[in-house]
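Chemist: Mind having a look at this structure? Questions to follow.
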Amino acid sequence: MKKLIILLCIFMSAIVTTYAQNMSERQILQYVIQQRQQGKQESAIVSDLLRRGVTMEQIQQLRQRYDGQINAANMTETTDRTINDAFNRLRSDKAPLLDAENGTLGIEEFTDSISLTELPKEGKKIFGHDIFNRQLLTFEPQMNIATPQDYILGPGDQLIIDIYGATQETVALTISPDGEVTVPNYGPVAVSGLTVAGAQSRIREKTGQFYSGSEIKVTVGQTRTIKVNVMGEVKVPGTYTLSAFATVFHALYMAGGINDLGTLRSIKVYRQGKLISSIDVYKFILNGRLAGNIRLTDNDVIQVGLYESVVDITGRVKRPMAYEMRKEETLADLLDYSGGFTGDAYKKLLRVLRKSEELRTVYNVEDIETGTFLITDGDSIIVDSIINRYKNMVEIKGAVFRPGMYRLGEKAYSVRSLVEYASGLKEEALTSRAVLRRIKPNRTQEVISVDLEGILNGKTADLLLQNEDVLYIPAIAEHQNFRTLTIDGEVIFPGTYEYAEGTTIEDLILQAGGLTDAASTKRIDVSRRLRDPDASEGSMELAQTFSFTLKDNYKVDGNETFVLEPYDLVHVRTSPVFQSQIQVSVEGEIAFQGNYTMEKKNQRLSDVIKAAGGTIPGAYIRGSRLVRKMTNDEKARMQSVLRVAQQSADGKDSIAIDKLLTQDTYSVGIHLDEALANPGSAQDIEMIDGDRLIIPRFNHTVKISGDVNSPNTVAYDEGKGYKYYIKQAGGFGNRAKKSHVYIVYLNGTMGLAKDSKIEPGCELIVPSKEPRNTNAINQWLGIGTSVASLATMIATIGHLIK
């Protein structure tokens with residue numbers, strides 16, 4: 001049993017070692033980040049990595065590479081800085097990450113697949129919290145401006161002293177760490193802590209006796225940098241080196257902005273231990289006010305505290321989201337921050353859901369109370385929409401000139417006044433009866449029959465309307481249904497036409513532009529619906545059909561009194577002998593090249609050659625080829641084949657899509673010499689519309705291509721086999737399929753070289769073998785290695801069991 005446990009430990013150790021060896025630096029980094037996001041402590045992450053086979057040396061190398069300020073040897077004891085903090089610092093410094101497999105990998109590329117920023121916020125987004133982490137809004141100070149007069153000088157600032165008048169001189173002096181500048185011909189002058197104007201006055205006072213009769217002007221050249229501390233609830237707290245013109249907003253941007261717990265409403269700035277500014281960022285976002293966004297000086301401290309309360313507002317406001325509120329702010333302030341109500345908001349009553357100590361509480365706040373109702377942390381405000389109903393609406397539909405909704409009032413208060421307000425009835429209106437739909441107090445509907453004609457004539461009392469009444473005025477059936485006639489077939493303008501009483505076949509044909517040249521006057525069919533209002537049972541019949549013959553001027557031969565009825569279909573048939581001209585073309589070594597019209601449907605190759613005057617001397621008749629256009633039926637069939645090929649592309653018996661014929665034309669293999677020798681035989685095929693017959697000149701060469709050492713074209717030598725021509729091209733290539741050489745003849749036919757005869761003008765093509773699968777070799781080698789390892793393990797187990 002003890003030996004079995006030892007063997008099991010050896011086996012598990014081998015598995016862990018193999019897994020650790022397969023973990024790249026990138027995978028280790030991914031694992032660390034994922035575990036930190038899940039809340040694991042650093043020591044627990046290191047223990048997990050060690051259990052996975054990652055050595056302490058690897059961990060130390062990674063820590064030294066990505067965080068040089070942390071001693072790798074004390075990694076497991078370091079608790080004051082997390083791995084995620086180190087990665088955030090790397091992100092701000094744009095330090096490169098190294099990938100063991102791919103070399104150097106930039107931080108931006110790395111963050112595409114792994115987020116190094118904070119976890120996404122839960123719940124709603126807080127208004128304004130992303131203002132300081134947008135790349136397009138940096139708040140970077142403008143340096144190309146005149147130095148403000150209240151700018152306080154300090155060590156590192158450069159002063160430009162211009163002396164003009166009796167003495168012409170310009171000197172640039174930098175304030176020393178002691179706060180002095182050394183003026184030529186005088187000596188040191190203390191200027192630190194003074195404004196620009198104050199420094200100019202002091203330098204004039206001290207050096208005036210040396211530059212009598214001259215004026216002295218002092219300006220600032222390059223400004224110094226300052227160090228500012230940004231602390232509290234920011235994403236990357238710390239000390240930042242900024243321009244002397246930098247403001248509070250720029251410092252917050254450099255610190256990554258406010259985190260989820262930070263406040264935007266009370267950001268404090270301390271200078272030498274005293275509070276000098278308090279900033280409400282909402283005033284800047286909503287009103288554009290920069291009050292409190294002061295210019296910073298060296299060693300200023302920006303403190304971002306915790307928010308006081310965050311509430312969210314949903315429903316019918318212009319900007320529904322979460323907002324940070326102060327304790328003294330009311331519901332009216334929140335409505336201002338959210339942009340106010342939308343057009344369909346119900347403003348009289350708002351709902352406030354509040355979390356109390358034990359249970360939730362609901363408050364209903366009326367519109368007059370919003371200015372006094374205080375908001376507390378966690379409140380949720382809901383703004384409802386108005387009810388989707390009307391309080392003064394009536395509607396009219398049907399056969400009036402202006403149907404639609406109208407205001408119930410002085411001009412539309414009864415049936416008669418509503419009809420008049422809608423511009424009156426249409427000609428097809430059915431006035432004997434109208435329908436009024438009315439909503440009862442329980443919101444169910446009732447229908448009231450209205451004698452519209454009596455009301456309009458004054459014979460019946462007018463009916464007063466109520467809110468949400470709908471008056472429907474029907475139309476006469478003949479006008480309500482738009483009746484039509486349809487004609488198709490061999491007419492100039494086939495289509496649907498409006499029915500009129502007494503329309504004959506002749507009338508409809510004339511409306512359709514008359515007959516085409518292909519029309520048959522011996523067969524005009526009319527299809528008619530079956531109509532029997534008194535029928536009590538179904539029938540197998542679907543329609544009635546009438547056939548007619550036309551005489552001159554489209555007169556019906558026979559039943560001249562026949563008139564069309566609504567929805568009749570008239571079919572004008574095509575003459576059985578009509579056929580548009582069918583043309584074929586003959587090109588090449590022929591007496592008269594060009595297009596020829598076929599005189600009969602079964603015209604053959606020999607007929608076309610005869611019509612073109614026969615071939616001319618030098619024509620290679622056996623090499624003639626025929627190019628044929630693909631018909632619509634053939635195209636449809638090819639689309640079906642392509643769909644099948646695409647569906648079975650990954651299957652065992654898949655069709656090679658690239659080998660399918662997908663062009664609009666294709667070559668037909670013919671033997672024109674046999675067709676001319678035996679007219680009417682099977683080789684003398686029939687021509688179809690668009691065929692191109694090409695008769696080449698005699699070509700006394702043979703082309704060799706494919707997997708040969710030197711593809712070539714050589715002279716034809718009668719009686720020689722294909723191997724003779726392969727030798728003329730330098731012989732077979734290294735991967736040639738020698739037994740699958742095939743021949744392409746000029747007439748479009750093909751054949752295997754070993755079974756076919758070489759003819760003039762043909763081409764020998766030598767295909768290549770498929771490339772070897774190197775992955776298969778590696779797989780077999782891997783299997784062999786695994787088998788060897790397994791054999792070694794079995795031998796070890798056998799030795800221990802003995």
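All residue names refer to the structure tokens as shown: chains lettered A, B, ... in order, residues numbered from 1 in each chain, ligands numbered from 1 in order.
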Among the residues of stretch 440-563 of chain A, find those DSSP assigns to helix (DSSP H, G or I) from the backbone and print them as a VMD selection string.
Modeler: chain A and resid 452 to 457 477 to 480 505 to 511 552 to 554
Chemist: I'd like the contact shell of A:Val563 - 8 Å cut-off, only C-alpha atoms, skipping same-chain residues fewer than 4 positions apart - returned as a list in words.
Modeler: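 Counting only C-alpha atoms, the residues come to Gly502, Thr503, Thr504 and Ile505 of chain A.
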Chemist: Which residues come within 12 Å of A:Gly680, counting only C-alpha atoms, excluding same-chain residues fewer than 6 positions away, as a count of residues only?
Modeler: 9
Chemist: May I have the residues within 12 Å of stretch 358-365 of chain A as a PyMOL selection string, using only C-alpha atoms and disregarding those fewer than 6 positions away in the same chain?
Modeler: chain A and resi 330-332+346-352+371-375+378-384
Chemist: Skip A:Ile590 itself and residues of its chain fewer than 3 positions away, then list as a PyMOL selection string all residues within 6 Å of it, counting only C-alpha atoms.
Modeler: chain A and resi 614-616
Chemist: Using only all heavy atoms, please write the residues we just selected to a file, as an mmCIF file, in the first residue's frame.
Modeler:
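Output below, filename result.cif:
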data_model
loop_
_atom_site.group_PDB
_atom_site.id
_atom_site.type_symbol
_atom_site.label_atom_id
_atom_site.label_comp_id
_atom_site.auth_asym_id
_atom_site.auth_seq_id
_atom_site.Cartn_x
_atom_site.Cartn_y
_atom_site.Cartn_z
ATOM 1 N N GLY A 614 -18.314 26.508 -95.894
ATOM 2 C CA GLY A 614 -17.313 25.473 -95.701
ATOM 3 C C GLY A 614 -16.004 26.027 -95.160
ATOM 4 O O GLY A 614 -15.778 27.239 -95.087
ATOM 5 N N THR A 615 -15.137 25.105 -94.768
ATOM 6 C CA THR A 615 -13.841 25.508 -94.206
ATOM 7 C C THR A 615 -12.886 25.896 -95.317
ATOM 8 O O THR A 615 -13.076 25.555 -96.488
ATOM 9 C CB THR A 615 -13.247 24.355 -93.391
ATOM 10 O OG1 THR A 615 -13.080 23.198 -94.234
ATOM 11 C CG2 THR A 615 -14.165 23.992 -92.233
ATOM 12 N N ILE A 616 -11.821 26.619 -94.926
ATOM 13 C CA ILE A 616 -10.805 27.049 -95.885
ATOM 14 C C ILE A 616 -9.542 26.234 -95.664
ATOM 15 O O ILE A 616 -9.381 25.581 -94.617
ATOM 16 C CB ILE A 616 -10.531 28.563 -95.731
ATOM 17 C CG1 ILE A 616 -9.975 28.861 -94.318
ATOM 18 C CG2 ILE A 616 -11.783 29.373 -95.975
ATOM 19 C CD1 ILE A 616 -9.585 30.314 -94.122
#
Chemist: Kindly indicate which residue among A:Ser277, A:Leu173, A:Thr241, A:Arg437 lies nearest to A:Thr225, using only C-alpha atoms for the distances.
Modeler: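 The closest residue to A:Thr225 is A:Thr241.
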Chemist: Between A:Thr370, A:Gln209, A:Ser768, A:Gln639, which one has atoms that come closest to A:Asn185, using only C-alpha atoms?
Modeler: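 So, comparing all the options, the nearest one is A:Gln209.
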Chemist: Would you mind listing what lies within 10 Å of A:Tyr596 as a PyMOL selection string, with only C-alpha atoms counted and same-chain residues fewer than 2 positions away left out?
Modeler: chain A and resi 581-586+593-594+598-599+608+611-612
Chemist: I need the residues from that last selection saved to file as a PDB file, in the first residue's frame (with C-alpha atoms), if you can.
Modeler:
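Wrote out-v4.pdb, looks like this:
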ATOM      1  CA  GLN A 581     -34.754  34.537 -84.259  1.00  0.00           C
ATOM      2  CA  ILE A 582     -32.161  32.099 -82.939  1.00  0.00           C
ATOM      3  CA  GLN A 583     -28.575  32.837 -83.895  1.00  0.00           C
ATOM      4  CA  VAL A 584     -25.327  30.894 -83.769  1.00  0.00           C
ATOM      5  CA  SER A 585     -21.856  32.141 -84.710  1.00  0.00           C
ATOM      6  CA  VAL A 586     -18.995  30.571 -86.672  1.00  0.00           C
ATOM      7  CA  GLN A 593     -17.425  34.164 -90.444  1.00  0.00           C
ATOM      8  CA  GLY A 594     -20.249  35.717 -88.439  1.00  0.00           C
ATOM      9  CA  MET A 598     -31.266  29.031 -87.598  1.00  0.00           C
ATOM     10  CA  GLU A 599     -34.060  28.205 -90.005  1.00  0.00           C
ATOM     11  CA  VAL A 608     -24.056  25.579 -90.127  1.00  0.00           C
ATOM     12  CA  ALA A 611     -24.337  27.767 -94.619  1.00  0.00           C
ATOM     13  CA  ALA A 612     -20.978  29.459 -93.829  1.00  0.00           C
TER      14      ALA A 612
END
Chemist: Based on DSSP run over this structure's backbone, return all residues of stretch 444-656 of chain A in strand (DSSP E or B), as an NGL selection string.
Modeler: :A and (445-450 or 464 or 470-473 or 475 or 484-489 or 491 or 495-498 or 515 or 519-529 or 543-550 or 556-557 or 569-574 or 583-588 or 590 or 594-597 or 604 or 615 or 619 or 625-629)
